[in-house]
Every structure is written in structure tokens, then in C-alpha cells.
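Printed here is start.cif (mmCIF, C-alpha atoms; chains and numbers go by the auth columns):
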```cif
data_start
#
loop_
_atom_site.group_PDB
_atom_site.id
_atom_site.type_symbol
_atom_site.label_atom_id
_atom_site.label_comp_id
_atom_site.label_asym_id
_atom_site.label_seq_id
_atom_site.Cartn_x
_atom_site.Cartn_y
_atom_site.Cartn_z
_atom_site.B_iso_or_equiv
_atom_site.auth_seq_id
_atom_site.auth_asym_id
ATOM 1 C CA MET A 1 142.816 99.505 77.118 0.00 1 A
ATOM 2 C CA PHE A 2 145.198 100.215 79.966 0.00 2 A
ATOM 3 C CA PHE A 3 148.735 101.614 79.881 0.00 3 A
ATOM 4 C CA CYS A 4 151.407 102.687 82.332 0.00 4 A
ATOM 5 C CA ILE A 5 154.540 104.788 81.821 0.00 5 A
ATOM 6 C CA ASN A 6 157.982 103.388 82.556 0.00 6 A
ATOM 7 C CA PHE A 7 160.980 105.394 83.706 0.00 7 A
ATOM 8 C CA ALA A 8 162.080 106.009 80.124 0.00 8 A
ATOM 9 C CA GLY A 9 158.779 107.775 79.472 0.00 9 A
ATOM 10 C CA GLN A 10 157.473 105.029 77.192 0.00 10 A
ATOM 11 C CA MET A 11 153.929 103.698 77.331 0.00 11 A
ATOM 12 C CA LYS A 12 153.614 100.115 78.518 0.00 12 A
ATOM 13 C CA LYS A 13 150.514 97.994 78.281 0.00 13 A
ATOM 14 C CA THR A 14 149.013 96.997 81.605 0.00 14 A
ATOM 15 C CA ILE A 15 147.675 93.455 81.756 0.00 15 A
ATOM 16 C CA TYR A 16 146.377 91.399 84.650 0.00 16 A
ATOM 17 C CA ASN A 17 147.036 87.841 85.743 0.00 17 A
ATOM 18 C CA LYS A 18 143.265 87.574 86.266 0.00 18 A
ATOM 19 C CA PHE A 19 140.809 89.899 84.546 0.00 19 A
ATOM 20 C CA ASP A 20 137.722 90.988 86.479 0.00 20 A
ATOM 21 C CA LYS A 21 134.795 89.338 84.684 0.00 21 A
ATOM 22 C CA THR A 22 132.354 91.947 86.002 0.00 22 A
ATOM 23 C CA LYS A 23 134.059 94.617 83.872 0.00 23 A
ATOM 24 C CA ILE A 24 133.607 92.799 80.557 0.00 24 A
ATOM 25 C CA ALA A 25 129.973 93.817 79.972 0.00 25 A
ATOM 26 C CA SER A 26 130.898 97.519 79.920 0.00 26 A
ATOM 27 C CA LEU A 27 133.611 97.116 77.262 0.00 27 A
ATOM 28 C CA PRO A 28 132.987 97.924 73.569 0.00 28 A
ATOM 29 C CA ARG A 29 132.181 94.866 71.468 0.00 29 A
ATOM 30 C CA VAL A 30 134.652 93.560 68.896 0.00 30 A
ATOM 31 C CA LEU A 31 133.374 91.962 65.654 0.00 31 A
ATOM 32 C CA PHE A 32 135.156 90.499 62.677 0.00 32 A
ATOM 33 C CA GLY A 33 134.856 93.036 59.865 0.00 33 A
ATOM 34 C CA GLY A 34 136.181 90.943 57.004 0.00 34 A
ATOM 35 C CA ARG A 35 134.536 88.617 54.518 0.00 35 A
ATOM 36 C CA ILE A 36 132.756 85.506 55.810 0.00 36 A
ATOM 37 C CA VAL A 37 132.338 82.514 53.473 0.00 37 A
ATOM 38 C CA VAL A 38 130.157 79.518 54.344 0.00 38 A
ATOM 39 C CA VAL A 39 131.534 76.229 52.965 0.00 39 A
ATOM 40 C CA CYS A 40 129.045 73.405 52.388 0.00 40 A
ATOM 41 C CA THR A 41 130.515 71.288 49.563 0.00 41 A
ATOM 42 C CA GLU A 42 133.870 69.665 48.838 0.00 42 A
ATOM 43 C CA ARG A 43 134.301 71.852 45.765 0.00 43 A
ATOM 44 C CA GLU A 44 133.895 74.962 47.928 0.00 44 A
ATOM 45 C CA ALA A 45 136.232 73.447 50.516 0.00 45 A
ATOM 46 C CA GLU A 46 138.964 72.904 47.902 0.00 46 A
ATOM 47 C CA LYS A 47 138.918 76.612 46.989 0.00 47 A
ATOM 48 C CA ALA A 48 138.807 77.691 50.625 0.00 48 A
ATOM 49 C CA VAL A 49 141.724 75.473 51.654 0.00 49 A
ATOM 50 C CA SER A 50 143.835 76.614 48.696 0.00 50 A
ATOM 51 C CA TYR A 51 143.421 80.199 49.897 0.00 51 A
ATOM 52 C CA LEU A 52 144.049 79.368 53.552 0.00 52 A
ATOM 53 C CA MET A 53 147.203 77.409 52.803 0.00 53 A
ATOM 54 C CA SER A 54 148.643 80.514 51.127 0.00 54 A
ATOM 55 C CA GLN A 55 148.380 82.576 54.334 0.00 55 A
ATOM 56 C CA LYS A 56 151.106 83.171 56.928 0.00 56 A
ATOM 57 C CA ILE A 57 148.895 82.597 59.979 0.00 57 A
ATOM 58 C CA LEU A 58 145.356 81.335 60.677 0.00 58 A
ATOM 59 C CA GLY A 59 142.917 81.423 63.574 0.00 59 A
ATOM 60 C CA VAL A 60 140.765 78.349 64.251 0.00 60 A
ATOM 61 C CA ASP A 61 137.800 77.364 66.383 0.00 61 A
ATOM 62 C CA THR A 62 134.893 74.921 66.313 0.00 62 A
ATOM 63 C CA GLU A 63 131.211 74.987 67.221 0.00 63 A
ATOM 64 C CA THR A 64 128.953 72.123 68.234 0.00 64 A
ATOM 65 C CA ARG A 65 125.199 72.022 68.348 0.00 65 A
ATOM 66 C CA PRO A 66 124.263 72.261 72.036 0.00 66 A
ATOM 67 C CA SER A 67 122.436 69.405 73.681 0.00 67 A
ATOM 68 C CA PHE A 68 119.840 70.104 76.338 0.00 68 A
ATOM 69 C CA LYS A 69 119.086 66.436 76.985 0.00 69 A
ATOM 70 C CA LYS A 70 121.178 64.423 79.435 0.00 70 A
ATOM 71 C CA GLY A 71 123.383 61.849 77.728 0.00 71 A
ATOM 72 C CA LEU A 72 122.885 63.251 74.221 0.00 72 A
ATOM 73 C CA MET A 73 126.040 64.612 72.572 0.00 73 A
ATOM 74 C CA HIS A 74 126.245 65.992 69.036 0.00 74 A
ATOM 75 C CA SER A 75 129.218 65.782 66.695 0.00 75 A
ATOM 76 C CA VAL A 76 131.166 68.954 65.932 0.00 76 A
ATOM 77 C CA SER A 77 129.086 71.066 63.546 0.00 77 A
ATOM 78 C CA LEU A 78 131.377 73.842 62.362 0.00 78 A
ATOM 79 C CA LEU A 79 135.062 74.497 61.801 0.00 79 A
ATOM 80 C CA GLN A 80 135.873 78.176 61.395 0.00 80 A
ATOM 81 C CA VAL A 81 139.274 79.104 59.985 0.00 81 A
ATOM 82 C CA SER A 82 140.220 82.749 59.510 0.00 82 A
ATOM 83 C CA SER A 83 142.976 84.840 58.001 0.00 83 A
ATOM 84 C CA HIS A 84 143.192 88.549 58.805 0.00 84 A
ATOM 85 C CA GLU A 85 140.740 89.338 56.002 0.00 85 A
ATOM 86 C CA VAL A 86 138.568 86.264 55.295 0.00 86 A
ATOM 87 C CA CYS A 87 136.943 83.643 57.522 0.00 87 A
ATOM 88 C CA PHE A 88 135.677 80.343 56.138 0.00 88 A
ATOM 89 C CA LEU A 89 132.958 78.457 57.989 0.00 89 A
ATOM 90 C CA PHE A 90 133.226 74.755 57.135 0.00 90 A
ATOM 91 C CA ARG A 91 129.869 73.120 57.850 0.00 91 A
ATOM 92 C CA LEU A 92 131.133 69.770 59.057 0.00 92 A
ATOM 93 C CA ASN A 93 127.623 68.438 59.634 0.00 93 A
ATOM 94 C CA LEU A 94 127.353 68.516 55.815 0.00 94 A
ATOM 95 C CA LEU A 95 130.984 67.979 54.782 0.00 95 A
ATOM 96 C CA GLY A 96 132.269 65.581 57.390 0.00 96 A
ATOM 97 C CA MET A 97 136.023 64.979 57.277 0.00 97 A
ATOM 98 C CA SER A 98 136.286 65.754 53.574 0.00 98 A
ATOM 99 C CA PRO A 99 139.658 65.428 51.749 0.00 99 A
ATOM 100 C CA SER A 100 140.161 69.202 51.752 0.00 100 A
ATOM 101 C CA VAL A 101 139.319 69.600 55.427 0.00 101 A
ATOM 102 C CA ARG A 102 141.724 66.768 56.237 0.00 102 A
ATOM 103 C CA ARG A 103 144.456 68.430 54.142 0.00 103 A
ATOM 104 C CA LEU A 104 144.009 71.670 56.074 0.00 104 A
ATOM 105 C CA LEU A 105 144.074 69.999 59.485 0.00 105 A
ATOM 106 C CA GLU A 106 147.151 67.934 58.616 0.00 106 A
ATOM 107 C CA ASP A 107 149.115 70.874 57.171 0.00 107 A
ATOM 108 C CA THR A 108 152.437 71.397 58.955 0.00 108 A
ATOM 109 C CA LYS A 109 153.511 74.725 57.401 0.00 109 A
ATOM 110 C CA VAL A 110 150.904 77.360 58.319 0.00 110 A
ATOM 111 C CA PRO A 111 150.498 78.004 62.078 0.00 111 A
ATOM 112 C CA LYS A 112 146.889 77.610 63.197 0.00 112 A
ATOM 113 C CA ILE A 113 146.150 79.495 66.396 0.00 113 A
ATOM 114 C CA GLY A 114 143.357 78.467 68.742 0.00 114 A
ATOM 115 C CA LEU A 115 142.317 78.244 72.371 0.00 115 A
ATOM 116 C CA SER A 116 141.861 74.981 74.276 0.00 116 A
ATOM 117 C CA LEU A 117 142.814 73.159 71.095 0.00 117 A
ATOM 118 C CA ARG A 118 142.884 69.756 72.744 0.00 118 A
ATOM 119 C CA ASP A 119 139.094 69.870 73.034 0.00 119 A
ATOM 120 C CA ASP A 120 138.634 71.087 69.460 0.00 120 A
ATOM 121 C CA LEU A 121 140.988 68.488 68.012 0.00 121 A
ATOM 122 C CA ASN A 122 139.406 65.696 70.039 0.00 122 A
ATOM 123 C CA SER A 123 136.007 66.658 68.623 0.00 123 A
ATOM 124 C CA LEU A 124 137.406 66.703 65.093 0.00 124 A
ATOM 125 C CA HIS A 125 139.111 63.326 65.566 0.00 125 A
ATOM 126 C CA LYS A 126 135.734 61.818 66.418 0.00 126 A
ATOM 127 C CA LEU A 127 134.609 62.547 62.852 0.00 127 A
ATOM 128 C CA ASP A 128 137.540 60.597 61.416 0.00 128 A
ATOM 129 C CA ASP A 129 141.157 59.957 62.250 0.00 129 A
ATOM 130 C CA PHE A 130 143.801 62.352 60.947 0.00 130 A
ATOM 131 C CA GLN A 131 147.325 63.472 61.819 0.00 131 A
ATOM 132 C CA SER A 132 147.134 66.875 63.525 0.00 132 A
ATOM 133 C CA GLY A 133 149.358 69.466 61.821 0.00 133 A
ATOM 134 C CA TYR A 134 150.780 72.797 62.996 0.00 134 A
ATOM 135 C CA PHE A 135 148.552 74.056 65.826 0.00 135 A
ATOM 136 C CA ILE A 136 149.446 76.577 68.548 0.00 136 A
ATOM 137 C CA ASP A 137 147.341 76.859 71.705 0.00 137 A
ATOM 138 C CA LEU A 138 147.064 80.361 73.174 0.00 138 A
ATOM 139 C CA GLN A 139 146.676 78.903 76.645 0.00 139 A
ATOM 140 C CA ASP A 140 150.278 77.689 76.541 0.00 140 A
ATOM 141 C CA HIS A 141 151.606 81.163 75.711 0.00 141 A
ATOM 142 C CA VAL A 142 149.616 83.338 78.097 0.00 142 A
ATOM 143 C CA ARG A 143 151.049 81.345 81.002 0.00 143 A
ATOM 144 C CA GLU A 144 154.533 82.359 79.867 0.00 144 A
ATOM 145 C CA ILE A 145 153.874 86.007 80.730 0.00 145 A
ATOM 146 C CA GLY A 146 151.972 85.298 83.941 0.00 146 A
ATOM 147 C CA VAL A 147 148.343 85.451 82.765 0.00 147 A
ATOM 148 C CA GLU A 148 146.173 82.835 84.461 0.00 148 A
ATOM 149 C CA ASP A 149 142.856 83.326 82.648 0.00 149 A
ATOM 150 C CA MET A 150 142.117 80.678 80.018 0.00 150 A
ATOM 151 C CA SER A 151 138.918 81.890 78.321 0.00 151 A
ATOM 152 C CA LEU A 152 138.996 83.762 75.013 0.00 152 A
ATOM 153 C CA GLN A 153 136.586 86.396 76.308 0.00 153 A
ATOM 154 C CA LYS A 154 138.701 87.241 79.372 0.00 154 A
ATOM 155 C CA LEU A 155 141.960 87.169 77.431 0.00 155 A
ATOM 156 C CA TYR A 156 140.710 89.538 74.753 0.00 156 A
ATOM 157 C CA ALA A 157 139.282 91.919 77.343 0.00 157 A
ATOM 158 C CA ASN A 158 142.602 91.838 79.183 0.00 158 A
ATOM 159 C CA PHE A 159 144.846 92.453 76.166 0.00 159 A
ATOM 160 C CA PHE A 160 142.646 94.724 74.045 0.00 160 A
ATOM 161 C CA GLY A 161 139.995 96.232 76.319 0.00 161 A
ATOM 162 C CA GLN A 162 137.184 94.897 74.114 0.00 162 A
ATOM 163 C CA ARG A 163 134.356 92.418 74.627 0.00 163 A
ATOM 164 C CA ILE A 164 133.728 89.228 72.665 0.00 164 A
ATOM 165 C CA SER A 165 130.024 88.464 72.904 0.00 165 A
ATOM 166 C CA LYS A 166 129.133 84.828 73.650 0.00 166 A
ATOM 167 C CA ARG A 167 125.403 85.303 73.018 0.00 167 A
ATOM 168 C CA GLU A 168 125.270 82.974 69.998 0.00 168 A
ATOM 169 C CA GLN A 169 127.295 80.158 71.554 0.00 169 A
ATOM 170 C CA LEU A 170 124.327 77.949 72.434 0.00 170 A
ATOM 171 C CA THR A 171 122.408 78.393 69.188 0.00 171 A
ATOM 172 C CA ASN A 172 121.723 75.603 66.677 0.00 172 A
ATOM 173 C CA TRP A 173 124.900 75.164 64.625 0.00 173 A
ATOM 174 C CA GLU A 174 123.190 72.537 62.479 0.00 174 A
ATOM 175 C CA ALA A 175 120.390 74.852 61.325 0.00 175 A
ATOM 176 C CA ASP A 176 119.629 74.680 57.596 0.00 176 A
ATOM 177 C CA ILE A 177 120.997 78.211 57.200 0.00 177 A
ATOM 178 C CA LEU A 178 123.298 79.953 59.659 0.00 178 A
ATOM 179 C CA ASN A 179 122.054 83.456 60.409 0.00 179 A
ATOM 180 C CA ASP A 180 124.230 86.570 60.258 0.00 180 A
ATOM 181 C CA LYS A 181 124.708 86.720 64.015 0.00 181 A
ATOM 182 C CA GLN A 182 125.933 83.126 64.124 0.00 182 A
ATOM 183 C CA LYS A 183 128.337 83.735 61.260 0.00 183 A
ATOM 184 C CA ALA A 184 129.738 86.907 62.848 0.00 184 A
ATOM 185 C CA TYR A 185 130.148 85.154 66.215 0.00 185 A
ATOM 186 C CA ALA A 186 131.970 82.173 64.705 0.00 186 A
ATOM 187 C CA ALA A 187 134.261 84.337 62.567 0.00 187 A
ATOM 188 C CA THR A 188 135.097 86.647 65.468 0.00 188 A
ATOM 189 C CA ASP A 189 136.181 83.768 67.687 0.00 189 A
ATOM 190 C CA ALA A 190 138.623 82.447 65.063 0.00 190 A
ATOM 191 C CA TRP A 191 139.951 85.851 63.963 0.00 191 A
ATOM 192 C CA THR A 192 140.606 87.152 67.477 0.00 192 A
ATOM 193 C CA CYS A 193 142.880 84.161 68.104 0.00 193 A
ATOM 194 C CA ILE A 194 145.251 85.595 65.475 0.00 194 A
ATOM 195 C CA LEU A 195 145.221 89.042 67.083 0.00 195 A
ATOM 196 C CA LEU A 196 145.854 87.645 70.537 0.00 196 A
ATOM 197 C CA TYR A 197 148.759 85.504 69.380 0.00 197 A
ATOM 198 C CA GLU A 198 150.408 88.359 67.501 0.00 198 A
ATOM 199 C CA GLU A 199 150.056 90.646 70.518 0.00 199 A
ATOM 200 C CA LEU A 200 151.431 87.964 72.837 0.00 200 A
ATOM 201 C CA MET A 201 154.448 87.506 70.577 0.00 201 A
ATOM 202 C CA ARG A 202 155.007 91.275 70.505 0.00 202 A
ATOM 203 C CA LEU A 203 154.852 91.564 74.280 0.00 203 A
ATOM 204 C CA GLU A 204 157.125 88.567 74.799 0.00 204 A
ATOM 205 C CA GLN A 205 159.712 89.978 72.414 0.00 205 A
ATOM 206 C CA THR A 206 159.630 93.580 73.630 0.00 206 A
ATOM 207 C CA GLY A 207 158.730 93.188 77.307 0.00 207 A
ATOM 208 C CA ASP A 208 156.449 96.163 76.662 0.00 208 A
ATOM 209 C CA TYR A 209 153.940 95.355 79.398 0.00 209 A
ATOM 210 C CA GLU A 210 153.306 95.619 83.115 0.00 210 A
ATOM 211 C CA LEU A 211 151.703 92.587 84.783 0.00 211 A
ATOM 212 C CA ILE A 212 149.403 93.420 87.678 0.00 212 A
ATOM 213 C CA LYS A 213 148.738 90.482 89.980 0.00 213 A
ATOM 214 C CA ILE A 214 145.217 90.350 91.345 0.00 214 A
ATOM 215 C CA THR A 215 144.507 88.090 94.298 0.00 215 A
ATOM 216 C CA GLU A 216 141.225 86.264 94.877 0.00 216 A
ATOM 217 C CA ASP A 217 140.577 88.492 97.902 0.00 217 A
ATOM 218 C CA VAL A 218 140.864 91.664 95.818 0.00 218 A
ATOM 219 C CA GLN A 219 138.525 90.263 93.153 0.00 219 A
ATOM 220 C CA ALA A 220 135.984 89.265 95.790 0.00 220 A
ATOM 221 C CA ASN A 221 136.038 92.761 97.292 0.00 221 A
ATOM 222 C CA THR A 222 135.480 94.415 93.889 0.00 222 A
ATOM 223 C CA THR A 223 132.674 92.098 92.795 0.00 223 A
ATOM 224 C CA PRO A 224 129.192 93.624 93.267 0.00 224 A
ATOM 225 C CA GLN A 225 127.076 91.782 95.798 0.00 225 A
ATOM 226 C CA GLY A 226 123.684 90.650 94.534 0.00 226 A
#
```
Could I get this structure in the form of C-alpha cells?
Amino acid sequence: MFFCINFAGQMKKTIYNKFDKTKIASLPRVLFGGRIVVVCTEREAEKAVSYLMSQKILGVDTETRPSFKKGLMHSVSLLQVSSHEVCFLFRLNLLGMSPSVRRLLEDTKVPKIGLSLRDDLNSLHKLDDFQSGYFIDLQDHVREIGVEDMSLQKLYANFFGQRISKREQLTNWEADILNDKQKAYAATDAWTCILLYEELMRLEQTGDYELIKITEDVQANTTPQG
């Protein structure tokens, strides 16, 4: 994590309009350390949604089974929704748009933070129609402080100096049983959306940051040549 000192002697966080992707691999990895609960039935979904609706803020993301055949597209497989302490993995390939899942997605009271939410919501709408509730897209807020990167991995590296691994992204999200690495990956993506939003709100309110603008020329000169 990077800081600078202002004239009052206070530490300010240094962030960049564009984070150098080549530096991400050397950063320490971040992983969700809370409880992960896989939800496969409507009864389990009812309990999960009751808990989630009692929280003040949630992080959301989706996963879809990758297709390696031209023209073949799979429906969204997983909806992960996390609080600070617990992440629920709703297996939509088994549940579909169940009543509890619909209730969660249509809720207008609890803010649900995600990244590139238009894509996620479009995928969810293909399962069944619903009225989208209270969703906040991180991409809209990072622009407000001058950050141009739009990927979760770059944003987290920029704001926290840690690496989100994308190794499990192209695994089979419709497998009979999700393995521990898949579950940790899915939970981390949802949970880190909360942390990013809270940090963005803090920086916006306090102005406690220094934005360094990196040009394309500078990035090109610092990128190793292969």
C-alpha cells in the first residue's frame, strides 16, 4: 500500500488513475476469511436471504460456466452474496430464480455493491424477469475520484496493495460439488466489493488521498519487454 505525507504531516493514501498490471503478481494475495455457505435448495435460500436482509451492506457477484465452443453460451451458474462475515453461494443452476433469490434481488433497502453490474443483472434477468432492487456499481464511483481502471483486480491492487487471484475464473461452476478453491474465489470477489466501496466512500468524504496520473507512455516504458 502506498502513502504520501501532506503539509499538515498527515499520511495520505496514494492511488493511481491507472494501476500497472505488471505489478499485481508480486502483491500479497487477499482471501475471504469468513464463513462460506453453499445454497442448493429453496429452504436453504430462505434462511440465507433472511440473514442477508438483516445486514447493512452486501457485496455481490456472479459466475457462469465457461464455454469453449463457439456459439455455445451457458446460463449464469452462481450468485455470491457476502456480508463482512458470511458469504452465501446460491447455486442458480440448481435453484433457478427461486422465490427467495427473487426477494433478495428485488430488495430496495440493503445496498448491494458489485462491479459491472449491468452484465451480472442482464445474466440474472435471462433466468426470469424481476425488478432490480438497490444495487450500486463500483465503476460509477471510482470515476468520481479520477480512477480509470474498471476491473476488480486492478482496483483492489490500487486501493489496498493486495492481489485478487483470478485462477479459478474459468473453472466449471456447474460441477456437482464446488471445490474449496472455487468457493474461496467466489466469496472473495463478492466480499472485496464491500471493502472497496467503503474505502471509496471514506476517501470521497475525507479527501484523504493523492491521485497520481499515469499516462500510456509512462506505462509502456515501465512494462517489461518480452
Mind running stretch 167-210 of chain A against stretch 147-162 of chain A at 10 Å and telling me each contacting residue's nearest atom pair with the distance in Å (one decimal), counting all atoms listed in the file, chain and number ascending, as a tab-separated table?
```
residue	atom	partner	partner_atom	distance
A:Asp189	CA	A:Leu152	CA	7.8
A:Thr192	CA	A:Tyr156	CA	7.7
A:Cys193	CA	A:Leu152	CA	7.9
A:Leu195	CA	A:Tyr156	CA	8.9
A:Leu196	CA	A:Tyr156	CA	6.9
A:Glu199	CA	A:Phe159	CA	7.9
A:Leu200	CA	A:Phe159	CA	8.6
```
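Every protein or nucleic acid residue with an atom no more than 6 Å from A:Leu58, counting only C-alpha atoms and leaving out same-chain residues fewer than 4 positions away, appears here: A:Ser82, A:Ser83, A:Lys112.
Picked out by the PyMOL selection byres ((chain A and resi 188) around 9) when it runs on this file: Val30, Leu31, Phe32, Gly33, Ser82, Cys87, Ile164, Lys183, Ala184, Tyr185, Ala186, Ala187, Asp189, Ala190, Trp191, Thr192 and Cys193 of chain A.
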Grab the atom CA of A:Arg118 to atom CA of A:Trp173 distance for me, in Å with one decimal place.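 Result for atom CA of A:Arg118 versus atom CA of A:Trp173: 20.5 Å, one decimal.
Interatomic distance, atom CA of A:Val142 against atom CA of A:Thr206: 15.0 Å.
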Could you name the residues that touch A:Ala175 at 10 Å or less, counting only C-alpha atoms, but leaving out those on the same chain fewer than 2 positions away, as a ChimeraX atom specification? /A:65,77,93,171-173,177-179
Report, in Å with one decimal, the straight-line distance from atom CA of A:Arg43 to atom CA of A:Leu115. 28.5 Å
Using all atoms listed in the file, find the one residue out of A:Ser123, A:Ser116, A:Thr22, A:Thr108 that sits nearest to A:Asp140. A:Ser116
Nearest to A:Leu105, chosen from A:Arg143, A:His125, A:Lys166, A:Lys21, with all atoms listed in the file counted in the distances: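 Using all atoms listed in the file, the shortest distance to A:Leu105 belongs to A:His125.
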A:Val81: which residues within 6 Å, counting all atoms listed in the file, same-chain residues fewer than 5 positions away excluded, as a ChimeraX atom specification? /A:59-60,87-88
Export of the given selection (C-alpha atoms) as a CSV table (one decimal), keeping the file's coordinate frame:
```
chain,number,residue,atom,x,y,z
A,59,GLY,CA,142.9,81.4,63.6
A,60,VAL,CA,140.8,78.3,64.3
A,87,CYS,CA,136.9,83.6,57.5
A,88,PHE,CA,135.7,80.3,56.1
```
Hey, can you pull every residue with an atom no more than 12 Å from (142.0, 66.0, 53.4), using only C-alpha atoms, and send it as a ChimeraX atom specification? /A:42,45-46,49-50,95-107,128-133
Evaluate the PyMOL selection byres ((chain A and resi 56) around 9) and report residues as an MDAnalysis selection string: chainID A and resid 52:55 57:58 83 109:111
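Distances here use all atoms listed in the file; by that measure, the residue among A:Asp180, A:Glu204, A:Glu174, A:Glu44 closest to A:His74 is A:Glu174.
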List every protein, DNA or RNA residue that has an atom no more than 12 Å from (139.6, 70.7, 69.7) in the file's coordinate frame, counting all atoms listed in the file, and report them as a count of residues only. 31
Pick the closest to A:Arg91 from A:Asp20, A:Glu168, A:Asp176, A:Glu144: which is it, counting all atoms listed in the file?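 Looking at the shortest contact to A:Arg91, the residue is A:Asp176.
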Any chance you could work out the residue set of the PyMOL selection byres ((chain A and resi 36) around 7) here, as a PyMOL selection string? chain A and resi 34-35+37-38+86-88
